[in-house]
$ cat work_10.cif   # mmCIF, C-alpha atoms
data_data
#
loop_
_atom_site.group_PDB
_atom_site.id
_atom_site.type_symbol
_atom_site.label_atom_id
_atom_site.label_comp_id
_atom_site.auth_asym_id
_atom_site.auth_seq_id
_atom_site.Cartn_x
_atom_site.Cartn_y
_atom_site.Cartn_z
ATOM 1 C CA MET C 1 44.799 175.188 -38.067
ATOM 2 C CA SER C 2 42.884 175.847 -41.276
ATOM 3 C CA LEU C 3 44.402 176.772 -44.602
ATOM 4 C CA SER C 4 42.738 180.185 -44.545
ATOM 5 C CA SER C 5 44.399 181.035 -41.220
ATOM 6 C CA LEU C 6 47.910 180.874 -42.743
ATOM 7 C CA PRO C 7 49.588 184.203 -43.583
ATOM 8 C CA PRO C 8 48.827 185.357 -47.166
ATOM 9 C CA GLU C 9 52.572 185.580 -47.943
ATOM 10 C CA LEU C 10 53.016 181.896 -47.091
ATOM 11 C CA LEU C 11 50.005 180.869 -49.168
ATOM 12 C CA LEU C 12 51.288 182.920 -52.092
ATOM 13 C CA SER C 13 54.680 181.198 -51.862
ATOM 14 C CA VAL C 14 53.048 177.774 -51.811
ATOM 15 C CA PHE C 15 50.817 178.458 -54.814
ATOM 16 C CA ARG C 16 53.701 180.015 -56.784
ATOM 17 C CA ALA C 17 55.916 177.025 -56.035
ATOM 18 C CA TYR C 18 53.337 174.486 -57.215
ATOM 19 C CA ALA C 19 51.712 176.482 -60.038
ATOM 20 C CA PRO C 20 54.084 175.233 -62.779
ATOM 21 C CA GLU C 21 53.547 171.623 -61.689
ATOM 22 C CA VAL C 22 49.744 171.544 -61.454
ATOM 23 C CA ASP C 23 47.033 171.913 -64.038
ATOM 24 C CA ARG C 24 46.245 175.625 -64.137
ATOM 25 C CA THR C 25 42.573 174.744 -64.661
ATOM 26 C CA TRP C 26 42.627 173.163 -61.223
ATOM 27 C CA LEU C 27 44.323 176.237 -59.818
ATOM 28 C CA ALA C 28 41.663 178.457 -61.413
ATOM 29 C CA SER C 29 38.927 176.313 -59.848
ATOM 30 C CA VAL C 30 40.358 177.117 -56.405
ATOM 31 C CA THR C 31 39.255 180.740 -56.957
ATOM 32 C CA THR C 32 35.607 179.593 -57.016
ATOM 33 C CA LEU C 33 35.936 177.412 -53.928
ATOM 34 C CA CYS C 34 37.346 179.805 -51.353
ATOM 35 C CA LYS C 35 36.927 183.590 -51.178
ATOM 36 C CA THR C 36 39.988 183.869 -48.929
ATOM 37 C CA LEU C 37 42.235 182.126 -51.465
ATOM 38 C CA LYS C 38 40.816 183.838 -54.565
ATOM 39 C CA PRO C 39 43.067 186.970 -54.587
ATOM 40 C CA ILE C 40 46.147 184.897 -53.800
ATOM 41 C CA VAL C 41 45.498 182.308 -56.503
ATOM 42 C CA GLU C 42 44.519 184.968 -59.064
ATOM 43 C CA SER C 43 47.822 186.771 -58.485
ATOM 44 C CA VAL C 44 49.595 183.508 -59.369
ATOM 45 C CA LEU C 45 47.389 182.846 -62.414
ATOM 46 C CA TYR C 46 47.757 186.380 -63.808
ATOM 47 C CA ARG C 47 51.514 186.643 -63.234
ATOM 48 C CA GLU C 48 52.359 185.019 -66.600
ATOM 49 C CA VAL C 49 49.727 185.037 -69.339
ATOM 50 C CA THR C 50 49.849 183.836 -72.950
ATOM 51 C CA ILE C 51 46.867 184.667 -75.133
ATOM 52 C CA ILE C 52 46.452 182.763 -78.394
ATOM 53 C CA SER C 53 43.173 184.126 -79.794
ATOM 54 C CA GLY C 54 41.238 187.324 -80.273
ATOM 55 C CA GLU C 55 38.456 185.975 -78.071
ATOM 56 C CA GLY C 56 40.984 185.133 -75.352
ATOM 57 C CA PHE C 57 42.307 188.683 -75.550
ATOM 58 C CA ARG C 58 38.818 190.166 -75.218
ATOM 59 C CA THR C 59 38.257 187.986 -72.140
ATOM 60 C CA PHE C 60 41.591 189.092 -70.692
ATOM 61 C CA CYS C 61 40.812 192.805 -71.281
ATOM 62 C CA HIS C 62 37.447 192.466 -69.540
ATOM 63 C CA SER C 63 39.014 190.525 -66.674
ATOM 64 C CA VAL C 64 41.785 193.027 -65.898
ATOM 65 C CA ALA C 65 39.415 195.981 -66.369
ATOM 66 C CA SER C 66 37.022 194.559 -63.786
ATOM 67 C CA ASP C 67 39.663 194.010 -61.073
ATOM 68 C CA SER C 68 42.747 196.192 -60.620
ATOM 69 C CA SER C 69 44.520 193.518 -58.565
ATOM 70 C CA ARG C 70 44.463 191.249 -61.630
ATOM 71 C CA SER C 71 46.035 193.899 -63.847
ATOM 72 C CA ALA C 72 48.643 194.674 -61.179
ATOM 73 C CA ALA C 73 49.565 190.973 -60.992
ATOM 74 C CA VAL C 74 50.510 190.684 -64.690
ATOM 75 C CA ARG C 75 54.312 190.572 -65.090
ATOM 76 C CA LYS C 76 54.650 188.613 -68.354
ATOM 77 C CA LEU C 77 52.247 188.849 -71.286
ATOM 78 C CA ALA C 78 52.427 187.126 -74.661
ATOM 79 C CA LEU C 79 49.913 187.992 -77.383
ATOM 80 C CA VAL C 80 50.191 185.351 -80.110
ATOM 81 C CA PHE C 81 47.446 185.319 -82.726
ATOM 82 C CA HIS C 82 47.254 185.688 -86.496
ATOM 83 C CA LEU C 83 44.902 186.142 -89.466
ATOM 84 C CA ASN C 84 43.719 182.544 -89.299
ATOM 85 C CA ASP C 85 42.200 183.344 -85.898
ATOM 86 C CA THR C 86 38.416 183.063 -86.178
ATOM 87 C CA SER C 87 37.870 185.987 -83.800
ATOM 88 C CA PRO C 88 40.429 188.685 -84.670
ATOM 89 C CA VAL C 89 41.080 191.699 -82.501
ATOM 90 C CA ASP C 90 39.912 194.864 -84.246
ATOM 91 C CA ILE C 91 41.707 197.162 -81.853
ATOM 92 C CA ILE C 92 43.825 196.648 -78.769
ATOM 93 C CA PRO C 93 42.464 198.984 -76.117
ATOM 94 C CA ARG C 94 45.136 201.371 -74.873
ATOM 95 C CA SER C 95 43.430 201.243 -71.473
ATOM 96 C CA THR C 96 44.387 197.571 -71.157
ATOM 97 C CA PHE C 97 48.087 198.374 -71.537
ATOM 98 C CA LEU C 98 47.765 201.399 -69.231
ATOM 99 C CA SER C 99 46.392 199.157 -66.468
ATOM 100 C CA LEU C 100 49.321 196.686 -66.617
ATOM 101 C CA ILE C 101 51.553 198.791 -64.381
ATOM 102 C CA ASN C 102 53.895 195.953 -63.352
ATOM 103 C CA LEU C 103 54.393 194.409 -66.775
ATOM 104 C CA ASP C 104 58.103 193.786 -67.448
ATOM 105 C CA TRP C 105 58.085 191.135 -70.220
ATOM 106 C CA LEU C 106 56.006 191.449 -73.392
ATOM 107 C CA LYS C 107 55.797 189.305 -76.527
ATOM 108 C CA LEU C 108 53.717 190.576 -79.439
ATOM 109 C CA ASP C 109 53.441 187.991 -82.213
ATOM 110 C CA MET C 110 50.599 189.244 -84.407
ATOM 111 C CA ASP C 111 49.940 189.968 -88.078
ATOM 112 C CA ASP C 112 48.768 193.546 -87.583
ATOM 113 C CA PRO C 113 51.524 195.870 -86.298
ATOM 114 C CA SER C 114 49.173 198.782 -85.527
ATOM 115 C CA TYR C 115 48.893 197.471 -81.942
ATOM 116 C CA LEU C 116 52.351 198.963 -81.317
ATOM 117 C CA ALA C 117 50.865 202.463 -81.136
ATOM 118 C CA SER C 118 49.042 201.399 -77.934
ATOM 119 C CA LEU C 119 52.404 200.922 -76.218
ATOM 120 C CA VAL C 120 53.810 204.415 -76.700
ATOM 121 C CA ASP C 121 54.370 205.999 -73.277
ATOM 122 C CA ALA C 122 52.779 203.081 -71.412
ATOM 123 C CA PRO C 123 53.314 203.277 -67.627
ATOM 124 C CA PHE C 124 55.115 199.944 -67.328
ATOM 125 C CA ARG C 125 58.868 199.611 -67.742
ATOM 126 C CA LEU C 126 59.686 196.584 -69.832
ATOM 127 C CA ARG C 127 62.888 194.638 -69.371
ATOM 128 C CA SER C 128 62.128 192.339 -72.320
ATOM 129 C CA LEU C 129 60.242 193.066 -75.532
ATOM 130 C CA LEU C 130 59.718 190.588 -78.358
ATOM 131 C CA VAL C 131 58.000 191.923 -81.486
ATOM 132 C CA MET C 132 57.143 189.581 -84.345
ATOM 133 C CA THR C 133 54.974 190.778 -87.204
ATOM 134 C CA TRP C 134 55.005 190.690 -90.989
ATOM 135 C CA HIS C 135 54.890 194.456 -91.397
ATOM 136 C CA TYR C 136 56.804 197.368 -89.935
ATOM 137 C CA HIS C 137 54.840 200.109 -88.137
ATOM 138 C CA SER C 138 56.044 203.705 -87.811
ATOM 139 C CA SER C 139 55.413 203.817 -84.039
ATOM 140 C CA PHE C 140 58.002 201.098 -83.361
ATOM 141 C CA GLU C 141 60.864 203.535 -82.685
ATOM 142 C CA ASP C 142 58.646 205.599 -80.368
ATOM 143 C CA VAL C 143 57.799 202.483 -78.346
ATOM 144 C CA ILE C 144 61.486 201.571 -78.004
ATOM 145 C CA ALA C 145 62.447 205.122 -77.081
ATOM 146 C CA SER C 146 59.803 205.228 -74.332
ATOM 147 C CA GLN C 147 61.024 201.978 -72.730
ATOM 148 C CA HIS C 148 64.285 202.990 -71.037
ATOM 149 C CA SER C 149 64.529 199.796 -68.948
ATOM 150 C CA LEU C 150 64.863 197.392 -71.885
ATOM 151 C CA LYS C 151 67.534 194.764 -71.437
ATOM 152 C CA THR C 152 66.270 192.324 -74.088
ATOM 153 C CA LEU C 153 64.886 193.273 -77.493
ATOM 154 C CA THR C 154 63.918 190.744 -80.150
ATOM 155 C CA ILE C 155 62.585 192.035 -83.465
ATOM 156 C CA ASP C 156 61.264 190.101 -86.462
ATOM 157 C CA PHE C 157 59.465 192.121 -89.126
ATOM 158 C CA GLY C 158 59.268 189.192 -91.523
ATOM 159 C CA GLN C 159 59.350 190.301 -95.135
ATOM 160 C CA ASP C 160 59.326 194.055 -94.475
ATOM 161 C CA ILE C 161 63.072 194.336 -93.801
ATOM 162 C CA GLU C 162 63.668 196.857 -96.615
ATOM 163 C CA HIS C 163 61.329 199.349 -94.953
ATOM 164 C CA VAL C 164 63.010 198.871 -91.570
ATOM 165 C CA GLN C 165 66.429 199.584 -93.065
ATOM 166 C CA ALA C 166 65.122 202.752 -94.704
ATOM 167 C CA SER C 167 63.276 204.009 -91.617
ATOM 168 C CA ARG C 168 64.422 206.634 -89.175
ATOM 169 C CA LEU C 169 66.463 205.247 -86.298
ATOM 170 C CA ASP C 170 66.456 207.947 -83.636
ATOM 171 C CA ILE C 171 66.407 205.479 -80.754
ATOM 172 C CA PRO C 172 68.524 206.822 -77.889
ATOM 173 C CA CYS C 173 71.840 204.994 -77.611
ATOM 174 C CA ASN C 174 71.372 204.461 -73.878
ATOM 175 C CA SER C 175 68.208 202.466 -74.646
ATOM 176 C CA LEU C 176 70.118 200.029 -76.815
ATOM 177 C CA SER C 177 73.450 199.570 -75.057
ATOM 178 C CA PRO C 178 72.448 197.054 -72.344
ATOM 179 C CA LEU C 179 70.423 194.757 -74.628
ATOM 180 C CA LYS C 180 71.059 191.009 -74.477
ATOM 181 C CA SER C 181 69.537 187.998 -76.223
ATOM 182 C CA ASP C 182 67.000 186.177 -74.054
ATOM 183 C CA THR C 183 63.589 184.830 -75.041
ATOM 184 C CA PRO C 184 61.732 183.046 -72.211
ATOM 185 C CA VAL C 185 58.210 181.748 -72.943
ATOM 186 C CA PRO C 186 55.400 182.242 -70.414
ATOM 187 C CA PRO C 187 53.569 179.013 -69.559
ATOM 188 C CA HIS C 188 49.949 180.202 -69.146
ATOM 189 C CA ARG C 189 47.662 180.092 -72.198
ATOM 190 C CA ILE C 190 44.188 181.555 -72.530
ATOM 191 C CA PRO C 191 42.428 179.946 -75.526
#

$ encode --input "work_10.cif" --output "structure tokens"
Amino acid sequence: MSLSSLPPELLLSVFRAYAPEVDRTWLASVTTLCKTLKPIVESVLYREVTIISGEGFRTFCHSVASDSSRSAAVRKLALVFHLNDTSPVDIIPRSTFLSLINLDWLKLDMDDPSYLASLVDAPFRLRSLLVMTWHYHSSFEDVIASQHSLKTLTIDFGQDIEHVQASRLDIPCNSLSPLKSDTPVPPHRIP
């Protein structure tokens, strides 16, 4: 019996079970070795993604735009890059967020808060949202109001706390009542 003759569900379970324990570079190389295993392994690789540079984000956007199964696989996404990044992101394409239909955990740790506007009325339903930025953005309340499934919300606006306290807070009460404190960190990093 060959590996490719096993049911896809079994292969997916095996790769998910061993993914945290193996070098993800090795796992990514499997996608170039076997066409049968490529979609299964990619679904494991794209399930939890951490991006630490503007260039990594551009690569990610191109990758999910070129294959809808990749964008559908993304469940956890962390965008962590700052001004010292040598390749900053000028704009976060709204189309990237619109394609992440199964996203349920999002961490945005970036200097520029204007990326929040891309999240308003996104199709995914987040259970956890972590926002860390130095400046408050006016679309923040709209993002929160559009995410009715939130169970965890972590906010850090750095030095801009005076503006947050003076801002409008018309977030529906039912969006805030079930919130708990929980901040898991996805393991996959794209340089």

$ resolve_selection --input "work_10.cif" --expression "the PyMOL selection byres ((chain C and resi 108) around 7)" --output "list in words"
Ala78, Leu79, Val80, Leu106, Lys107, Asp109, Met110, Leu130, Val131 and Met132 of chain C

$ closest_residue --input "work_10.cif" --among "C:Glu42, C:Asp67, C:Asp121, C:Phe157" --to "Ser29 in chain C" --atoms "only C-alpha atoms"
C:Glu42

$ residues_around --input "work_10.cif" --residues "range 14-17 of chain C" --least-positions-apart "4" --cutoff "9 Å" --atoms "all atoms listed in the file" --output "ChimeraX atom specification"
/C:9-10,21,27,40-41,44-45

$ atom_distance --input "work_10.cif" --atom1 "CA of Asp156 in chain C" --atom2 "CA of Trp134 in chain C"
7.7 Å

$ resolve_selection --input "work_10.cif" --expression "the PyMOL selection byres ((chain C and resi 72) around 12)" --output "PyMOL selection string"
chain C and resi 39+42-48+63-71+73-76+96-104+123-124

$ atom_distance --input "work_10.cif" --atom1 "CA of Ile52 in chain C" --atom2 "CA of Thr133 in chain C"
14.6 Å

$ atom_distance --input "work_10.cif" --atom1 "CA of Leu126 in chain C" --atom2 "CA of Thr31 in chain C"
28.9 Å

$ resolve_selection --input "work_10.cif" --expression "the PyMOL selection byres ((chain C and resi 114) around 9)" --output "list in words"
Ile91, Ile92, Asp112, Pro113, Tyr115, Leu116, Ala117, Ser118, Tyr136, His137, Ser138 and Ser139 of chain C
